[in-house]
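Just model00.cif here, mmCIF, C-alpha atoms and all ligand atoms:
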data_entry
#
loop_
_atom_site.label_atom_id
_atom_site.label_comp_id
_atom_site.auth_asym_id
_atom_site.auth_seq_id
_atom_site.Cartn_x
_atom_site.Cartn_y
_atom_site.Cartn_z
CA MET A 109 14.94 -7.93 -16.02
CA ARG A 110 13.71 -7.28 -12.54
CA LEU A 111 14.03 -9.24 -9.32
CA GLN A 112 10.67 -10.91 -8.82
CA ALA A 113 9.18 -12.30 -5.62
CA PRO A 114 9.78 -16.08 -5.37
CA ASN A 115 6.25 -16.40 -3.95
CA PRO A 116 4.07 -13.97 -5.88
CA ILE A 117 0.49 -13.41 -4.74
CA LYS A 118 -2.54 -13.55 -6.99
CA LEU A 119 -4.86 -10.62 -6.38
CA ARG A 120 -7.92 -11.08 -8.58
CA SER A 121 -6.67 -10.66 -12.17
CA LYS A 122 -3.22 -9.37 -11.11
CA LEU A 123 -0.04 -10.99 -9.93
CA LEU A 124 1.84 -9.15 -7.19
CA GLY A 125 5.50 -10.11 -7.42
CA GLY A 126 5.41 -11.25 -11.03
CA GLU A 127 7.15 -10.02 -14.14
CA LYS A 128 5.66 -6.53 -14.03
CA PRO A 129 5.39 -4.33 -10.96
CA LEU A 130 1.80 -3.37 -10.15
CA ILE A 131 0.73 0.26 -10.16
CA CYS A 132 -1.56 1.22 -7.31
CA VAL A 133 -3.59 4.42 -7.35
CA PRO A 134 -5.04 5.80 -4.11
CA LEU A 135 -8.51 7.20 -3.49
CA ALA A 136 -8.03 10.06 -1.06
CA SER A 137 -11.17 12.20 -1.07
CA VAL A 138 -12.52 13.74 2.09
CA ASP A 139 -16.26 13.78 1.40
CA GLU A 140 -18.75 11.32 -0.01
CA VAL A 141 -19.64 13.28 -3.14
CA SER A 142 -16.00 13.69 -4.17
CA ILE A 143 -15.15 10.08 -3.49
CA LEU A 144 -17.94 8.89 -5.76
CA THR A 145 -16.52 10.84 -8.70
CA GLU A 146 -12.98 9.90 -7.73
CA ILE A 147 -13.90 6.18 -7.87
CA ASP A 148 -15.16 6.50 -11.47
CA GLU A 149 -12.22 8.58 -12.62
CA VAL A 150 -9.65 6.28 -11.04
CA ILE A 151 -11.26 3.12 -12.44
CA ASN A 152 -11.11 4.75 -15.88
CA MET A 153 -7.35 5.19 -15.44
CA LYS A 154 -7.09 1.37 -15.29
CA PRO A 155 -4.71 1.03 -12.35
CA ASP A 156 -3.59 -2.49 -11.43
CA VAL A 157 -4.67 -1.93 -7.84
CA ILE A 158 -6.79 0.66 -6.01
CA GLU A 159 -6.02 1.74 -2.46
CA TRP A 160 -8.76 3.46 -0.48
CA ARG A 161 -7.01 5.76 2.00
CA ALA A 162 -10.02 5.82 4.27
CA ASP A 163 -8.26 7.98 6.86
CA TYR A 164 -9.04 10.95 4.57
CA PHE A 165 -12.77 10.17 4.63
CA GLU A 166 -14.71 12.54 6.90
CA SER A 167 -17.26 9.83 7.82
CA ILE A 168 -14.61 7.24 8.69
CA LEU A 169 -16.19 6.68 12.11
CA ASP A 170 -19.50 5.72 10.54
CA VAL A 171 -18.92 2.06 9.68
CA SER A 172 -22.08 1.75 7.61
CA LYS A 173 -20.91 4.62 5.36
CA VAL A 174 -17.49 3.03 5.04
CA LYS A 175 -19.05 -0.30 4.04
CA ASN A 176 -21.28 1.48 1.58
CA ILE A 177 -18.31 3.11 -0.19
CA LEU A 178 -16.49 -0.23 -0.33
CA GLU A 179 -19.54 -1.89 -1.80
CA ILE A 180 -19.69 0.81 -4.48
CA ILE A 181 -15.99 0.42 -5.38
CA ARG A 182 -16.41 -3.35 -5.57
CA SER A 183 -19.64 -3.24 -7.58
CA LYS A 184 -18.08 -0.92 -10.16
CA ASN A 185 -15.27 -3.32 -10.94
CA GLU A 186 -14.60 -6.98 -10.48
CA SER A 187 -11.02 -7.24 -11.65
CA ILE A 188 -9.06 -4.50 -9.84
CA PRO A 189 -7.95 -5.55 -6.35
CA ILE A 190 -8.83 -3.18 -3.51
CA ILE A 191 -6.52 -2.31 -0.62
CA PHE A 192 -8.12 -0.80 2.47
CA THR A 193 -5.90 1.58 4.43
CA CYS A 194 -6.75 3.71 7.42
CA ARG A 195 -3.28 5.01 8.18
CA SER A 196 -2.37 5.78 11.79
CA HIS A 197 -1.73 9.43 12.55
CA ASP A 198 1.76 8.55 13.81
CA GLU A 199 2.71 7.19 10.38
CA GLY A 200 1.20 9.93 8.25
CA GLY A 201 -2.56 9.34 8.59
CA TYR A 202 -4.83 12.31 7.92
CA ARG A 203 -6.97 11.89 11.02
CA ASN A 204 -6.12 10.88 14.55
CA ILE A 205 -8.27 7.85 15.35
CA ASP A 206 -7.72 5.83 18.51
CA ASP A 207 -6.37 2.30 18.24
CA GLU A 208 -9.44 0.46 19.50
CA THR A 209 -11.70 2.27 17.01
CA ARG A 210 -9.28 1.44 14.21
CA LEU A 211 -9.12 -2.21 15.25
CA LYS A 212 -12.92 -2.47 15.20
CA LEU A 213 -12.98 -0.72 11.81
CA PHE A 214 -10.36 -3.12 10.39
CA THR A 215 -12.20 -6.25 11.53
CA ASP A 216 -15.55 -4.89 10.31
CA VAL A 217 -14.03 -4.06 6.92
CA VAL A 218 -12.29 -7.44 6.50
CA ASP A 219 -15.60 -9.07 7.35
CA THR A 220 -17.44 -7.30 4.49
CA GLY A 221 -15.68 -9.44 1.87
CA PHE A 222 -15.36 -6.34 -0.35
CA ILE A 223 -11.61 -5.93 -0.05
CA ASP A 224 -8.62 -7.96 -1.21
CA VAL A 225 -5.85 -6.50 0.93
CA MET A 226 -5.72 -4.76 4.31
CA ASP A 227 -2.80 -2.44 5.16
CA VAL A 228 -1.87 -2.20 8.83
CA GLU A 229 1.23 -0.64 10.38
CA LEU A 230 3.55 -3.16 12.07
CA ALA A 231 3.59 -0.69 14.99
CA PHE A 232 -0.13 -1.42 15.57
CA GLY A 233 1.12 -4.29 17.74
CA ASN A 234 1.24 -8.03 17.67
CA GLU A 235 -2.00 -8.76 19.49
CA ARG A 236 -4.12 -6.50 17.33
CA ILE A 237 -2.40 -7.71 14.18
CA GLU A 238 -3.15 -11.31 15.11
CA LYS A 239 -6.86 -10.53 15.50
CA ILE A 240 -6.95 -8.95 12.06
CA LYS A 241 -4.85 -11.71 10.53
CA SER A 242 -7.02 -14.59 11.73
CA LEU A 243 -10.14 -12.96 10.30
CA ALA A 244 -8.26 -12.03 7.12
CA ILE A 245 -7.31 -15.68 6.56
CA GLN A 246 -10.97 -16.73 6.85
CA LYS A 247 -12.00 -14.05 4.36
CA ASP A 248 -9.06 -14.59 2.00
CA VAL A 249 -7.84 -11.03 2.54
CA LYS A 250 -4.09 -10.52 2.26
CA LEU A 251 -2.26 -8.49 4.88
CA ILE A 252 0.27 -5.72 4.24
CA LEU A 253 2.29 -4.87 7.32
CA SER A 254 3.82 -1.46 6.78
CA TYR A 255 6.38 0.96 8.16
CA HIS A 256 6.48 4.68 7.27
CA SER A 257 8.72 7.54 8.24
CA PHE A 258 7.91 10.98 6.86
CA THR A 259 10.96 12.50 8.53
CA ASP A 260 13.93 10.32 7.71
CA THR A 261 15.40 7.14 6.26
CA PRO A 262 16.65 4.65 8.83
CA SER A 263 19.78 2.59 8.18
CA GLU A 264 19.82 -0.15 5.57
CA ASN A 265 20.07 -2.81 8.29
CA PHE A 266 17.10 -1.32 10.12
CA ILE A 267 14.98 -1.47 6.95
CA VAL A 268 16.00 -5.07 6.12
CA GLU A 269 15.25 -6.15 9.71
CA LYS A 270 11.92 -4.30 9.65
CA ILE A 271 10.90 -6.17 6.51
CA LYS A 272 11.81 -9.50 8.12
CA GLU A 273 9.88 -8.55 11.25
CA GLN A 274 6.82 -7.70 9.15
CA ILE A 275 6.93 -11.14 7.54
CA LYS A 276 7.51 -12.83 10.91
CA ASN A 277 4.45 -11.05 12.27
CA GLY A 278 2.16 -12.38 9.56
CA ALA A 279 2.57 -10.02 6.62
CA ASP A 280 1.73 -11.53 3.25
CA ILE A 281 3.22 -8.35 1.78
CA SER A 282 5.83 -6.11 3.37
CA LYS A 283 5.89 -2.34 2.85
CA ILE A 284 8.43 0.37 3.69
CA ALA A 285 7.93 4.07 2.81
CA VAL A 286 10.58 6.48 4.05
CA MET A 287 11.67 10.07 3.49
CA PRO A 288 15.18 10.80 2.18
CA LYS A 289 17.24 13.72 3.43
CA ASP A 290 19.67 13.32 0.55
CA GLN A 291 20.50 11.14 -2.45
CA GLY A 292 22.40 8.68 -0.25
CA ASP A 293 19.16 7.93 1.61
CA VAL A 294 17.51 6.98 -1.69
CA LEU A 295 20.31 4.50 -2.37
CA LYS A 296 19.88 3.12 1.16
CA LEU A 297 16.22 2.34 0.47
CA LEU A 298 17.04 0.74 -2.87
CA ASN A 299 19.84 -1.34 -1.45
CA ALA A 300 17.75 -2.45 1.52
CA THR A 301 14.99 -3.51 -0.90
CA TYR A 302 17.56 -5.43 -2.96
CA ARG A 303 19.02 -7.14 0.12
CA ALA A 304 15.58 -8.04 1.49
CA ARG A 305 14.58 -9.41 -1.91
CA LYS A 306 17.45 -11.92 -1.69
CA GLU A 307 16.20 -13.18 1.67
CA ILE A 308 12.42 -12.85 1.54
CA SER A 309 10.04 -14.77 -0.71
CA ASN A 310 6.94 -12.64 -0.16
CA PRO A 311 6.17 -9.53 -2.19
CA ILE A 312 7.89 -6.38 -0.92
CA ILE A 313 7.07 -2.71 -1.52
CA GLY A 314 9.95 -0.25 -1.06
CA ILE A 315 9.43 3.50 -1.51
CA SER A 316 11.54 6.57 -0.97
CA MET A 317 9.16 9.55 -0.83
CA GLY A 318 9.39 13.22 -1.78
CA PRO A 319 11.00 14.76 -4.87
CA ILE A 320 14.42 13.16 -4.32
CA GLY A 321 12.85 9.77 -3.70
CA SER A 322 10.45 9.86 -6.64
CA ILE A 323 12.91 8.01 -8.89
CA THR A 324 12.32 4.95 -6.68
CA ARG A 325 8.70 4.97 -7.79
CA LEU A 326 10.02 4.29 -11.30
CA THR A 327 13.00 2.12 -10.50
CA ALA A 328 12.61 0.22 -7.20
CA PHE A 329 10.87 -2.62 -9.05
CA VAL A 330 14.19 -3.47 -10.75
CA PHE A 331 15.64 -4.14 -7.28
CA GLY A 332 12.74 -6.26 -6.02
CA SER A 333 9.92 -3.92 -5.09
CA ASP A 334 6.67 -5.37 -6.41
CA MET A 335 4.29 -2.44 -6.37
CA THR A 336 4.53 1.30 -6.90
CA PHE A 337 2.06 4.05 -5.99
CA ALA A 338 1.00 6.63 -8.56
CA ALA A 339 -1.20 9.70 -8.29
CA GLY A 340 -4.63 9.47 -9.88
CA VAL A 341 -7.11 12.23 -9.04
CA ASN A 342 -5.30 12.84 -5.74
CA ALA A 343 -1.83 11.99 -4.48
CA SER A 344 -1.64 10.31 -1.08
CA ALA A 345 2.07 10.90 -0.45
CA PRO A 346 4.79 13.30 -1.60
CA GLY A 347 6.64 12.36 -4.77
CA GLN A 348 3.88 10.28 -6.41
CA LEU A 349 3.94 10.68 -10.19
CA PRO A 350 0.89 10.64 -12.48
CA ILE A 351 -0.22 7.13 -13.45
CA GLU A 352 0.13 7.87 -17.20
CA VAL A 353 3.82 8.68 -16.72
CA MET A 354 4.42 5.56 -14.65
CA ARG A 355 2.54 3.27 -17.03
CA LYS A 356 4.36 4.56 -20.09
CA TYR A 357 7.75 4.18 -18.44
CA ILE A 358 7.13 0.68 -17.09
CA ASP A 359 5.57 -0.54 -20.34
CA THR A 360 8.53 0.85 -22.26
CA ILE A 361 11.15 -1.05 -20.35
CA ILE A 362 9.37 -4.31 -19.50
O1 LIG A 401 2.08 3.33 2.30
C1 LIG A 401 1.76 3.87 1.27
C2 LIG A 401 2.76 4.38 0.35
C3 LIG A 401 2.57 5.87 0.17
O2 LIG A 401 2.90 6.50 1.38
C4 LIG A 401 3.54 6.37 -0.91
O3 LIG A 401 4.56 6.93 -0.54
O4 LIG A 401 3.24 6.21 -2.09
C5 LIG A 401 1.15 6.16 -0.24
C6 LIG A 401 0.13 5.60 0.72
O5 LIG A 401 -1.18 5.86 0.25
C7 LIG A 401 0.35 4.12 0.91
O6 LIG A 401 -0.51 3.64 1.90
#
How would this structure read if it were set down as structure tokens?
Ligand SMILES: O=C1C[C@@](O)(C(=O)O)C[C@@H](O)[C@@H]1O
Amino acid sequence: MRLQAPNPIKLRSKLLGGEKPLICVPLASVDEVSILTEIDEVINMKPDVIEWRADYFESILDVSKVKNILEIIRSKNESIPIIFTCRSHDEGGYRNIDDETRLKLFTDVVDTGFIDVMDVELAFGNERIEKIKSLAIQKDVKLILSYHSFTDTPSENFIVEKIKEQIKNGADISKIAVMPKDQGDVLKLLNATYRARKEISNPIIGISMGPIGSITRLTAFVFGSDMTFAAGVNASAPGQLPIEVMRKYIDTII
């Protein structure tokens, strides 16, 4: 009933781009003690995918602590794929970390072998993306290239072109998250996802954020979006709905 990705991607026990959209729950704690409880609680919610939004973590600059948390998440579960995200401040990241530090962090994290997917903004730049990509291929880590706007929704054509550019620049998975100013902007995101789905074989993630956009978290998969983000213990973006609500809805219609 939904438009699936012609080339779905196997992530551990899950298929991204298959018959069912995957539900990803973020970990977004600031300190080490909270993240340890958050990991257990989120795993118990049985999400399809876990995203660690490491830009929230207060010790993000201490690579050994970052690796330690990743090792804990991995050791507590074998089957749920892990996405590592340290979002840039320009695209909604919690902390402002300079580009070179982030690049070193990304390559160190890919190298650990603890993650399945790395999320990097397309705006991070071709050269840096290539460095991450070549290491990611060696480590069998998939790359999300993403675009976020927390202030507006660009035109449909802009979004479709952005998705194509992400794929051209090495994305295994393309992601767009934008903020609507009105209902028309929500339709723009859905239509751009639908149009991109007709042209792109890779998995795509299309999200309209905030209260007006939250219906896309429940419906964009019909139009070709392959993953949706739900709130677990914490929400990592406006408009995320609780995982129980999302699961019930998706399981009811698919
Ligand atoms: O890019 C995204 C999508 C998101 O911003 C959302 O709107 O659900 C949540 C983020 O954690 C994730 O990295």
Item to check | At most 10 Å from ligand LIG 401 (chain A) (only C-alpha atoms and all ligand atoms): residue list as an MDAnalysis selection string | outcome: chainID A and resid 132:136 158:163 191:195 199:201 227:229 252:258 283:287 313:318 321:322 325 335:339 343:349
Item to check | Nearby residues (all atoms listed in the file) at most 9 Å from Leu251 (chain A), same-chain spacing under 3 positions excluded, as a list in words | outcome: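 Here the answer would be Asp224, Val225, Met226, Asp227, Val228, Ile240, Lys241, Ala244, Ile245, Gly278, Ala279, Asp280, Ile281 and Ser282 of chain A.
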Checklist entry - Between A:Gly233, A:Pro319, A:Pro288, A:Pro155, which has the minimum distance to Arg355 (chain A) (counting all atoms listed in the file)? => result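 Residue with the minimum atom-to-atom distance to Arg355 (chain A): A:Pro155.
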Checklist entry - So, counting only C-alpha atoms, which residue among A:Ala231, A:Ser137, A:Lys250, A:Thr220 is closest to Leu119 (chain A)? => result A:Lys250
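Nearest to Ile168 (chain A) of all the residues A:Ile181, A:Val217, A:Ile151, A:Ala328 is A:Val217, based on only C-alpha atoms.
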Checklist entry - So how many Å separate CA of Ser142 (chain A) and CA of Val174 (chain A), to one decimal? => result 14.2 Å
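Neighbouring residues of Arg120 (chain A) at 9 Å or closer, counting only C-alpha atoms and skipping chain neighbours under 2 positions away, are Lys118, Lys122, Leu123, Glu186, Ser187, Ile188, Pro189 and Asp224 of chain A.
When CA of Ile351 (chain A) is paired with CA of Leu124 (chain A), their separation reads 17.6 Å.
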Next on the checklist: So the first atom is CA of Glu352 (chain A) and the second is CA of Asn299 (chain A); what is the distance between them in Å, to one decimal place?
Outcome noted: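 CA of Asn299 (chain A) lies at a distance of 26.9 Å from CA of Glu352 (chain A).
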Checklist entry - Which residues come within 6 Å of region 268-272 of chain A, counting all atoms listed in the file, excluding same-chain residues fewer than 2 positions away, as a ChimeraX atom specification? => result /A:265-266,274-275,282,300,304
Checklist entry - For Lys173 (chain A), which of A:Pro262, A:Gly292, A:Leu213, A:Glu208 is the closest residue, counting all atoms listed in the file? => result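 Once distances to Lys173 (chain A) are computed over all atoms listed in the file, the minimum belongs to A:Leu213.
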Next on the checklist: With distances taken over only C-alpha atoms, which residue among A:Gln291, A:Asn204, A:Thr209, A:Asn152 lies nearest Asp170 (chain A)?
Outcome noted: A:Thr209
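With distances restricted to only C-alpha atoms, A:Lys184 is the closest residue to Val150 (chain A) from A:Lys289, A:Lys128, A:Lys184, A:Lys175.
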Item to check | Polymer residues at most 12 Å from Asn115 (chain A), only C-alpha atoms, same-chain spacing of 6 or more positions, as a list in words | outcome: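 These residues fall inside the cut-off: Leu123, Leu124, Gly125, Gly126, Asp280, Ile281, Arg305, Glu307, Ile308, Ser309, Asn310, Pro311, Ile312 and Asp334 of chain A.
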Item to check | Exercise: Glu149 (chain A) partners within 8 Å, all atoms listed in the file, chain neighbours under 4 positions left out, as a list of chain:residue names | outcome: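 Counting only the stated atoms, we get A:Thr145, A:Met153, A:Val341.
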Can you rebuild region 247-282 of chain A with N, CA and C atoms and give it as a short mmCIF file (atom, residue, chain, number, x, y, z; two decimals), keeping the file's coordinate frame?
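Below is the file that was written, result.cif:
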data_model
loop_
_atom_site.label_atom_id
_atom_site.label_comp_id
_atom_site.auth_asym_id
_atom_site.auth_seq_id
_atom_site.Cartn_x
_atom_site.Cartn_y
_atom_site.Cartn_z
N LYS A 247 -11.34 -14.78 5.44
CA LYS A 247 -12.00 -14.05 4.36
C LYS A 247 -11.15 -13.96 3.10
N ASP A 248 -10.01 -14.65 3.10
CA ASP A 248 -9.06 -14.59 2.00
C ASP A 248 -8.63 -13.16 1.66
N VAL A 249 -8.37 -12.39 2.70
CA VAL A 249 -7.84 -11.03 2.54
C VAL A 249 -6.36 -11.09 2.87
N LYS A 250 -5.53 -10.51 2.01
CA LYS A 250 -4.09 -10.52 2.26
C LYS A 250 -3.72 -9.33 3.16
N LEU A 251 -2.65 -9.52 3.92
CA LEU A 251 -2.26 -8.49 4.88
C LEU A 251 -0.94 -7.82 4.47
N ILE A 252 -0.99 -6.49 4.36
CA ILE A 252 0.27 -5.72 4.24
C ILE A 252 0.61 -5.26 5.65
N LEU A 253 1.83 -5.54 6.10
CA LEU A 253 2.29 -4.87 7.32
C LEU A 253 3.29 -3.82 6.87
N SER A 254 3.07 -2.58 7.35
CA SER A 254 3.82 -1.46 6.78
C SER A 254 4.61 -0.69 7.83
N TYR A 255 5.58 0.05 7.33
CA TYR A 255 6.38 0.96 8.16
C TYR A 255 6.59 2.24 7.36
N HIS A 256 6.29 3.39 7.96
CA HIS A 256 6.48 4.68 7.27
C HIS A 256 7.27 5.62 8.15
N SER A 257 8.14 6.38 7.54
CA SER A 257 8.72 7.54 8.24
C SER A 257 8.68 8.71 7.28
N PHE A 258 7.99 9.78 7.69
CA PHE A 258 7.91 10.98 6.86
C PHE A 258 9.00 11.98 7.22
N THR A 259 9.91 11.57 8.13
CA THR A 259 10.96 12.50 8.53
C THR A 259 12.36 12.06 8.13
N ASP A 260 12.57 10.75 8.03
CA ASP A 260 13.93 10.32 7.71
C ASP A 260 13.96 8.94 7.05
N THR A 261 15.18 8.50 6.77
CA THR A 261 15.40 7.14 6.26
C THR A 261 16.30 6.43 7.25
N PRO A 262 15.79 5.39 7.90
CA PRO A 262 16.65 4.65 8.83
C PRO A 262 17.76 3.92 8.07
N SER A 263 18.65 3.28 8.82
CA SER A 263 19.78 2.59 8.18
C SER A 263 19.28 1.42 7.34
N GLU A 264 20.14 1.00 6.41
CA GLU A 264 19.82 -0.15 5.57
C GLU A 264 19.49 -1.38 6.41
N ASN A 265 20.32 -1.64 7.44
CA ASN A 265 20.07 -2.81 8.29
C ASN A 265 18.71 -2.71 8.98
N PHE A 266 18.39 -1.52 9.46
CA PHE A 266 17.10 -1.32 10.12
C PHE A 266 15.96 -1.68 9.16
N ILE A 267 16.06 -1.22 7.92
CA ILE A 267 14.98 -1.47 6.95
C ILE A 267 14.87 -2.97 6.64
N VAL A 268 16.03 -3.63 6.43
CA VAL A 268 16.00 -5.07 6.12
C VAL A 268 15.38 -5.83 7.30
N GLU A 269 15.79 -5.47 8.52
CA GLU A 269 15.25 -6.15 9.71
C GLU A 269 13.76 -5.89 9.86
N LYS A 270 13.34 -4.66 9.56
CA LYS A 270 11.92 -4.30 9.65
C LYS A 270 11.09 -5.16 8.69
N ILE A 271 11.61 -5.34 7.50
CA ILE A 271 10.90 -6.17 6.51
C ILE A 271 10.77 -7.61 7.03
N LYS A 272 11.86 -8.12 7.59
CA LYS A 272 11.81 -9.50 8.12
C LYS A 272 10.81 -9.60 9.28
N GLU A 273 10.80 -8.55 10.11
CA GLU A 273 9.88 -8.55 11.25
C GLU A 273 8.43 -8.52 10.76
N GLN A 274 8.18 -7.75 9.70
CA GLN A 274 6.82 -7.70 9.15
C GLN A 274 6.38 -9.10 8.71
N ILE A 275 7.28 -9.80 8.02
CA ILE A 275 6.93 -11.14 7.54
C ILE A 275 6.72 -12.09 8.73
N LYS A 276 7.62 -11.97 9.73
CA LYS A 276 7.51 -12.83 10.91
C LYS A 276 6.18 -12.61 11.65
N ASN A 277 5.69 -11.38 11.58
CA ASN A 277 4.45 -11.05 12.27
C ASN A 277 3.19 -11.30 11.44
N GLY A 278 3.36 -11.96 10.31
CA GLY A 278 2.16 -12.38 9.56
C GLY A 278 1.88 -11.63 8.28
N ALA A 279 2.82 -10.75 7.87
CA ALA A 279 2.57 -10.02 6.62
C ALA A 279 2.62 -10.97 5.42
N ASP A 280 1.62 -10.86 4.55
CA ASP A 280 1.73 -11.53 3.25
C ASP A 280 2.59 -10.66 2.34
N ILE A 281 2.50 -9.34 2.60
CA ILE A 281 3.22 -8.35 1.78
C ILE A 281 3.87 -7.37 2.76
N SER A 282 5.13 -7.03 2.47
CA SER A 282 5.83 -6.11 3.37
C SER A 282 5.95 -4.75 2.70
#
